[in-house]
Structures are given as structure tokens and as C-alpha cells.
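First up is the structure itself, then whatever we jot down about it.
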Amino acid sequence: MWLLANLRGALLLATSNRSEAAVGYATMDGDTCGGLSPIAGIDKAFLRQWLRWVELEGPAGVGPTPALSAVNVQAPTAELRPAGAKQTDEDDLMPYPILDVIERAAIRDKLAPKEVYRVLASRFPEHGRDQLLLWIKRFFRLWSQNQWKRERYAPSFHLDDENLDPKTWCRFPILSGGFVRELAELDNVVPKSG
């Protein structure tokens, strides 16, 4: 892609979003490839909601774009496994609305894993304790293991105070303790329901 952009004197746009960047759900020199990342400051849940709005209503003076239904009916997938595997992003990670709440609580609000659990338990009571703990642990592990990938993303626009662009806003050490102590505390603080 870089070769084509350079030959044409074009700007290569990266397509990853904030949710994927938070957990490093990206291919190196694929998703991270580009000179500018216009949607890197937008979470995946909002992006999907916006695409449905464009499909059904659309901007004033433009109207709906029904052709987007072909995109909107599909579950997001990185398509890294054979088609028969039926890989989806949310099966690999967690539901995007939950990922985005964890990301805001953990990164923007700087809450510890046990405090993130309290936020999730109150917002998503339909999910059990063990499932919420699994997602929280997965997020913190992926967040701390993937700063090196975030370093490779193209610069992004700052749409709000939640941007994860490590060059201009959010930095996390590439080598870290990986929240080992904090995640261990999570199991002790959150009692199993009887």
C-alpha cells in the first residue's frame, strides 16, 4: 500500500479505530499502515451506530445510503482465519460496547481493575461476574502488551479527550508489569455470588 501511495503522491489513510487500538487488535503494516488515521479517535461501537444512521437516515441534504446495509449486517471480523472458522472481532475480544466502557474507565478515568468491575457490573447486569472478570482481565492484559503496536499507528485526529494516540496524547510504558498485581486483587475484591 505504501508503494502505491508513494507512486501516486497520495496520502495513505489508516482505518483502525480507538477500540481496536486499545487492545492491539491490528495487523502490523496492515492496520497500522498509513500516514493519517482519521477514525482512530472513534470507538467501534459509535462507528457502527453512525454507519447504521447513515444507512437509514443520513446527513441533511444527502439522505440515507441503503447500500451500507451490506456492511452493517455483517459482524466485524479481521478475517484472519479461514471463512469456515466464522471469526468475529467480538468473539476474539468482547462486545465492543463493553470494551469501550472498560477503555474509558481504565484509561481515561484511570480506574483500577476492581473499580472497573464495579462500573461494568452496574452498567451490564445481564452479564455474570465471571464473564465480566474475564473481559476486564483480557482488556488490561491486551492494553499493557500492545503499546508497541499503538506506537506504530498513524497520527490521528483528537475528537475528544479520550484519544489513544501515543505520539500526542496517551502513553503507556512498552515494558510494564502488565497489571499483574492489580488483576490479582480483582479476584479477591469481587466476591463470587452464591
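By convention in this document, the chains of the C-alpha cells carry letters A, B, ... by their order, each chain's residues are numbered from 1, and ligands are numbered from 1 in the order they are shown.
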
Give me the residues near Val54 of chain A as a PDB file with C-alpha atoms, in the first residue's frame, where near means some atom within 9 Å (using only C-alpha atoms) and where sequence neighbours in that chain fewer than 2 positions away do not count.
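Saved result, around.pdb, follows:
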```pdb
ATOM      1  CA  GLN A  49     -24.041   3.152  15.328  1.00  0.00           C
ATOM      2  CA  TRP A  50     -23.069   6.024  12.982  1.00  0.00           C
ATOM      3  CA  LEU A  51     -22.942   3.688   9.958  1.00  0.00           C
ATOM      4  CA  ARG A  52     -26.472   2.467  10.772  1.00  0.00           C
ATOM      5  CA  LEU A  56     -31.207   4.655   7.495  1.00  0.00           C
ATOM      6  CA  GLU A  57     -31.254   8.472   7.755  1.00  0.00           C
ATOM      7  CA  GLY A  58     -28.044  10.086   6.510  1.00  0.00           C
ATOM      8  CA  PRO A  59     -26.890  13.690   6.684  1.00  0.00           C
ATOM      9  CA  GLY A  63     -30.334  11.328   2.894  1.00  0.00           C
ATOM     10  CA  PRO A  64     -29.911   7.637   3.628  1.00  0.00           C
ATOM     11  CA  THR A  65     -27.384   5.339   1.995  1.00  0.00           C
ATOM     12  CA  PRO A  66     -29.205   1.981   1.792  1.00  0.00           C
ATOM     13  CA  LEU A  68     -24.491   0.394   3.644  1.00  0.00           C
TER      14      LEU A  68
END
```

- Message: Can you pull out every residue from segment 53-175 of chain A that DSSP, working from the backbone, puts in alpha helix (DSSP H), and format the result as a PyMOL selection string?
- Response: chain A and resi 53-56+69-72+89-92+96-103+113-123+129-145+147-150

- So which residues touch Leu36 of chain A within 7 Å, counting only C-alpha atoms, skipping near sequence neighbours fewer than 5 positions away, as an MDAnalysis selection string? chainID A and resid 12:14 154:156

- Message: Can you tell me which residues surround Ser37 of chain A at a distance of at most 12 Å, considering only C-alpha atoms, apart from same-chain residues fewer than 3 positions away, and format the answer as a PyMOL selection string?
- Response: chain A and resi 11-18+21+31-34+40-42+150+152-158+163-165

Emit the selected residues as a short mmCIF file (atom, residue, chain, number, x, y, z; two decimals), in the first residue's frame, including N, CA, C and O atoms.
```
data_model
loop_
_atom_site.label_atom_id
_atom_site.label_comp_id
_atom_site.auth_asym_id
_atom_site.auth_seq_id
_atom_site.Cartn_x
_atom_site.Cartn_y
_atom_site.Cartn_z
N LEU A 11 -1.89 10.36 -0.02
CA LEU A 11 -1.88 10.16 1.43
C LEU A 11 -2.54 8.82 1.72
O LEU A 11 -3.68 8.58 1.31
N LEU A 12 -1.83 7.94 2.40
CA LEU A 12 -2.38 6.64 2.76
C LEU A 12 -3.12 6.78 4.08
O LEU A 12 -2.55 7.18 5.10
N LEU A 13 -4.42 6.48 4.05
CA LEU A 13 -5.24 6.58 5.26
C LEU A 13 -5.30 5.22 5.95
O LEU A 13 -5.55 4.20 5.32
N ALA A 14 -5.07 5.22 7.26
CA ALA A 14 -5.21 4.02 8.07
C ALA A 14 -6.67 3.92 8.52
O ALA A 14 -7.36 4.93 8.65
N THR A 15 -7.13 2.71 8.79
CA THR A 15 -8.56 2.52 9.05
C THR A 15 -8.88 2.03 10.47
O THR A 15 -10.05 1.80 10.77
N SER A 16 -7.91 1.83 11.32
CA SER A 16 -8.23 1.32 12.66
C SER A 16 -8.89 2.38 13.51
O SER A 16 -8.72 3.57 13.32
N ASN A 17 -9.65 1.90 14.49
CA ASN A 17 -10.39 2.78 15.39
C ASN A 17 -9.84 2.67 16.80
O ASN A 17 -8.98 1.84 17.08
N ARG A 18 -10.37 3.48 17.71
CA ARG A 18 -9.87 3.53 19.08
C ARG A 18 -10.04 2.20 19.81
O ARG A 18 -9.15 1.78 20.56
N ALA A 21 -7.32 -0.15 18.65
CA ALA A 21 -6.01 0.33 19.09
C ALA A 21 -5.78 0.05 20.57
O ALA A 21 -4.68 -0.31 20.98
N ASP A 31 -3.15 -2.88 9.33
CA ASP A 31 -3.96 -1.89 10.05
C ASP A 31 -3.14 -0.69 10.50
O ASP A 31 -3.65 0.42 10.59
N THR A 32 -1.87 -0.90 10.82
CA THR A 32 -1.05 0.20 11.34
C THR A 32 -0.41 1.01 10.22
O THR A 32 0.28 1.99 10.48
N CYS A 33 -0.61 0.62 9.01
CA CYS A 33 0.00 1.26 7.85
C CYS A 33 -0.79 2.52 7.49
O CYS A 33 -2.00 2.48 7.38
N GLY A 34 -0.11 3.64 7.33
CA GLY A 34 -0.78 4.85 6.89
C GLY A 34 -0.09 6.10 7.38
O GLY A 34 0.69 6.06 8.33
N ALA A 40 -9.20 6.98 14.18
CA ALA A 40 -8.53 6.40 15.34
C ALA A 40 -9.06 6.94 16.65
O ALA A 40 -8.93 6.31 17.69
N GLY A 41 -9.68 8.10 16.65
CA GLY A 41 -10.23 8.66 17.87
C GLY A 41 -11.66 8.26 18.13
O GLY A 41 -12.27 8.74 19.08
N ILE A 42 -12.21 7.38 17.31
CA ILE A 42 -13.62 6.98 17.42
C ILE A 42 -13.71 5.52 17.84
O ILE A 42 -13.03 4.67 17.27
N ARG A 150 0.51 0.41 19.32
CA ARG A 150 -0.03 1.76 19.28
C ARG A 150 1.03 2.76 18.85
O ARG A 150 0.73 3.77 18.22
N ARG A 152 3.01 2.37 16.52
CA ARG A 152 3.14 2.28 15.06
C ARG A 152 1.96 2.86 14.30
O ARG A 152 2.00 2.98 13.09
N TYR A 153 0.88 3.19 15.00
CA TYR A 153 -0.29 3.75 14.32
C TYR A 153 0.03 5.12 13.74
O TYR A 153 0.83 5.88 14.30
N ALA A 154 -0.64 5.44 12.66
CA ALA A 154 -0.51 6.77 12.07
C ALA A 154 -1.12 7.80 13.02
O ALA A 154 -1.99 7.48 13.82
N PRO A 155 -0.67 9.05 12.95
CA PRO A 155 -1.27 10.10 13.78
C PRO A 155 -2.77 10.20 13.53
O PRO A 155 -3.25 9.93 12.43
N SER A 156 -3.49 10.59 14.57
CA SER A 156 -4.94 10.64 14.47
C SER A 156 -5.47 12.01 14.86
O SER A 156 -4.76 12.81 15.46
N PHE A 157 -6.73 12.24 14.53
CA PHE A 157 -7.39 13.46 14.95
C PHE A 157 -7.80 13.33 16.41
O PHE A 157 -8.16 12.25 16.87
N HIS A 158 -7.77 14.41 17.14
CA HIS A 158 -8.23 14.41 18.53
C HIS A 158 -9.66 14.94 18.53
O HIS A 158 -9.89 16.13 18.42
N ASN A 163 -8.53 10.18 23.27
CA ASN A 163 -7.71 9.67 22.18
C ASN A 163 -6.57 8.82 22.71
O ASN A 163 -5.97 9.14 23.73
N LEU A 164 -6.25 7.73 22.03
CA LEU A 164 -5.18 6.83 22.46
C LEU A 164 -3.89 7.03 21.67
O LEU A 164 -2.98 6.24 21.77
N ASP A 165 -3.80 8.07 20.86
CA ASP A 165 -2.62 8.31 20.04
C ASP A 165 -1.41 8.52 20.95
O ASP A 165 -1.30 9.52 21.65
#
```

Extract, using only C-alpha atoms, all DNA, RNA and protein residues at most 12 Å from segment 125-129 of chain A, discarding same-chain residues fewer than 2 positions from it, and format them as an mmCIF file with N, CA, C and O atoms, in the first residue's frame.
```
data_model
loop_
_atom_site.group_PDB
_atom_site.id
_atom_site.type_symbol
_atom_site.label_atom_id
_atom_site.label_comp_id
_atom_site.auth_asym_id
_atom_site.auth_seq_id
_atom_site.Cartn_x
_atom_site.Cartn_y
_atom_site.Cartn_z
ATOM 1 N N MET A 94 -14.340 -9.099 23.026
ATOM 2 C CA MET A 94 -15.514 -8.958 23.885
ATOM 3 C C MET A 94 -16.465 -8.050 23.114
ATOM 4 O O MET A 94 -16.051 -7.434 22.136
ATOM 5 N N PRO A 95 -17.717 -7.935 23.516
ATOM 6 C CA PRO A 95 -18.602 -6.998 22.815
ATOM 7 C C PRO A 95 -18.012 -5.583 22.845
ATOM 8 O O PRO A 95 -17.517 -5.125 23.881
ATOM 9 N N ILE A 98 -18.869 -3.095 25.633
ATOM 10 C CA ILE A 98 -18.203 -3.404 26.902
ATOM 11 C C ILE A 98 -16.733 -3.001 26.834
ATOM 12 O O ILE A 98 -16.211 -2.380 27.758
ATOM 13 N N LYS A 114 -10.478 -3.490 39.833
ATOM 14 C CA LYS A 114 -11.617 -3.750 40.731
ATOM 15 C C LYS A 114 -12.670 -2.651 40.614
ATOM 16 O O LYS A 114 -13.861 -2.901 40.719
ATOM 17 N N TYR A 117 -14.572 -3.179 37.419
ATOM 18 C CA TYR A 117 -15.592 -4.212 37.611
ATOM 19 C C TYR A 117 -16.886 -3.595 38.145
ATOM 20 O O TYR A 117 -17.980 -3.918 37.664
ATOM 21 N N ARG A 118 -16.781 -2.721 39.110
ATOM 22 C CA ARG A 118 -17.983 -2.098 39.683
ATOM 23 C C ARG A 118 -18.751 -1.302 38.625
ATOM 24 O O ARG A 118 -19.978 -1.332 38.586
ATOM 25 N N VAL A 119 -18.015 -0.608 37.759
ATOM 26 C CA VAL A 119 -18.650 0.145 36.680
ATOM 27 C C VAL A 119 -19.388 -0.819 35.747
ATOM 28 O O VAL A 119 -20.554 -0.612 35.404
ATOM 29 N N LEU A 120 -18.707 -1.883 35.339
ATOM 30 C CA LEU A 120 -19.325 -2.844 34.411
ATOM 31 C C LEU A 120 -20.522 -3.551 35.043
ATOM 32 O O LEU A 120 -21.542 -3.747 34.378
ATOM 33 N N ALA A 121 -20.384 -3.950 36.288
ATOM 34 C CA ALA A 121 -21.474 -4.670 36.952
ATOM 35 C C ALA A 121 -22.737 -3.810 37.031
ATOM 36 O O ALA A 121 -23.852 -4.326 36.891
ATOM 37 N N SER A 122 -22.562 -2.515 37.213
ATOM 38 C CA SER A 122 -23.737 -1.645 37.293
ATOM 39 C C SER A 122 -24.311 -1.345 35.906
ATOM 40 O O SER A 122 -25.517 -1.185 35.759
ATOM 41 N N ARG A 123 -23.467 -1.284 34.876
ATOM 42 C CA ARG A 123 -23.929 -0.947 33.523
ATOM 43 C C ARG A 123 -24.416 -2.160 32.736
ATOM 44 O O ARG A 123 -25.234 -2.022 31.838
ATOM 45 N N GLN A 131 -17.925 -13.701 33.673
ATOM 46 C CA GLN A 131 -17.769 -13.173 32.319
ATOM 47 C C GLN A 131 -17.178 -11.763 32.353
ATOM 48 O O GLN A 131 -16.281 -11.441 31.578
ATOM 49 N N LEU A 132 -17.664 -10.919 33.251
ATOM 50 C CA LEU A 132 -17.132 -9.557 33.368
ATOM 51 C C LEU A 132 -15.660 -9.577 33.767
ATOM 52 O O LEU A 132 -14.848 -8.830 33.215
ATOM 53 N N LEU A 133 -15.312 -10.453 34.719
ATOM 54 C CA LEU A 133 -13.909 -10.551 35.131
ATOM 55 C C LEU A 133 -13.026 -11.010 33.976
ATOM 56 O O LEU A 133 -11.915 -10.499 33.792
ATOM 57 N N LEU A 134 -13.500 -11.951 33.190
ATOM 58 C CA LEU A 134 -12.742 -12.422 32.025
ATOM 59 C C LEU A 134 -12.452 -11.275 31.065
ATOM 60 O O LEU A 134 -11.324 -11.087 30.606
ATOM 61 N N TRP A 135 -13.482 -10.481 30.765
ATOM 62 C CA TRP A 135 -13.302 -9.360 29.834
ATOM 63 C C TRP A 135 -12.380 -8.295 30.399
ATOM 64 O O TRP A 135 -11.560 -7.738 29.677
ATOM 65 N N ILE A 136 -12.497 -7.996 31.688
ATOM 66 C CA ILE A 136 -11.634 -6.992 32.309
ATOM 67 C C ILE A 136 -10.181 -7.447 32.260
ATOM 68 O O ILE A 136 -9.286 -6.685 31.874
ATOM 69 N N LEU A 186 -8.261 -8.162 41.849
ATOM 70 C CA LEU A 186 -9.602 -8.224 41.322
ATOM 71 C C LEU A 186 -10.335 -9.466 41.825
ATOM 72 O O LEU A 186 -11.492 -9.401 42.211
ATOM 73 N N ASP A 187 -9.664 -10.594 41.830
ATOM 74 C CA ASP A 187 -10.309 -11.837 42.271
ATOM 75 C C ASP A 187 -10.621 -11.807 43.768
ATOM 76 O O ASP A 187 -11.588 -12.429 44.209
ATOM 77 N N VAL A 189 -11.341 -9.008 45.594
ATOM 78 C CA VAL A 189 -12.267 -7.947 45.932
ATOM 79 C C VAL A 189 -13.683 -8.252 45.471
ATOM 80 O O VAL A 189 -14.652 -7.892 46.120
ATOM 81 N N VAL A 190 -13.792 -8.937 44.359
ATOM 82 C CA VAL A 190 -15.107 -9.211 43.788
ATOM 83 C C VAL A 190 -15.555 -10.601 44.243
ATOM 84 O O VAL A 190 -15.038 -11.605 43.752
ATOM 85 N N PRO A 191 -16.470 -10.672 45.206
ATOM 86 C CA PRO A 191 -16.885 -11.989 45.715
ATOM 87 C C PRO A 191 -17.696 -12.753 44.681
ATOM 88 O O PRO A 191 -18.402 -12.176 43.864
ATOM 89 N N LYS A 192 -17.544 -14.060 44.754
ATOM 90 C CA LYS A 192 -18.389 -14.906 43.917
ATOM 91 C C LYS A 192 -19.789 -14.880 44.490
ATOM 92 O O LYS A 192 -19.992 -14.911 45.690
ATOM 93 N N SER A 193 -20.761 -14.782 43.576
ATOM 94 C CA SER A 193 -22.138 -14.765 44.057
ATOM 95 C C SER A 193 -22.546 -16.181 44.415
ATOM 96 O O SER A 193 -22.189 -17.138 43.728
ATOM 97 N N GLY A 194 -23.287 -16.310 45.454
ATOM 98 C CA GLY A 194 -23.612 -17.631 45.957
ATOM 99 C C GLY A 194 -24.917 -18.041 45.532
ATOM 100 O O GLY A 194 -25.521 -18.921 45.342
#
```

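Pairwise distance (atom CA of Leu47 of chain A, atom CA of Arg138 of chain A) equals 22.2 Å.
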
- Task: Fewer than 3 positions away in the same chain doesn't count, so skip those; otherwise give me all residues within 10 Å of Ala105 of chain A, counting only C-alpha atoms, as an MDAnalysis selection string.
- Result: chainID A and resid 99:102 108:113 115:117 119:120

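Here atom CA of Trp148 of chain A is placed at a distance of 28.3 Å from atom CA of Lys86 of chain A.
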
- Selection near Trp143 of chain A, 6 Å with only C-alpha atoms, sequence-local residues under 4 positions removed, as a ChimeraX atom specification: /A:22-23,139

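The closest residue to Asn72 of chain A, picked from A:Ala60, A:Lys137, A:Gln87, A:Trp53 and counting only C-alpha atoms, is A:Trp53.
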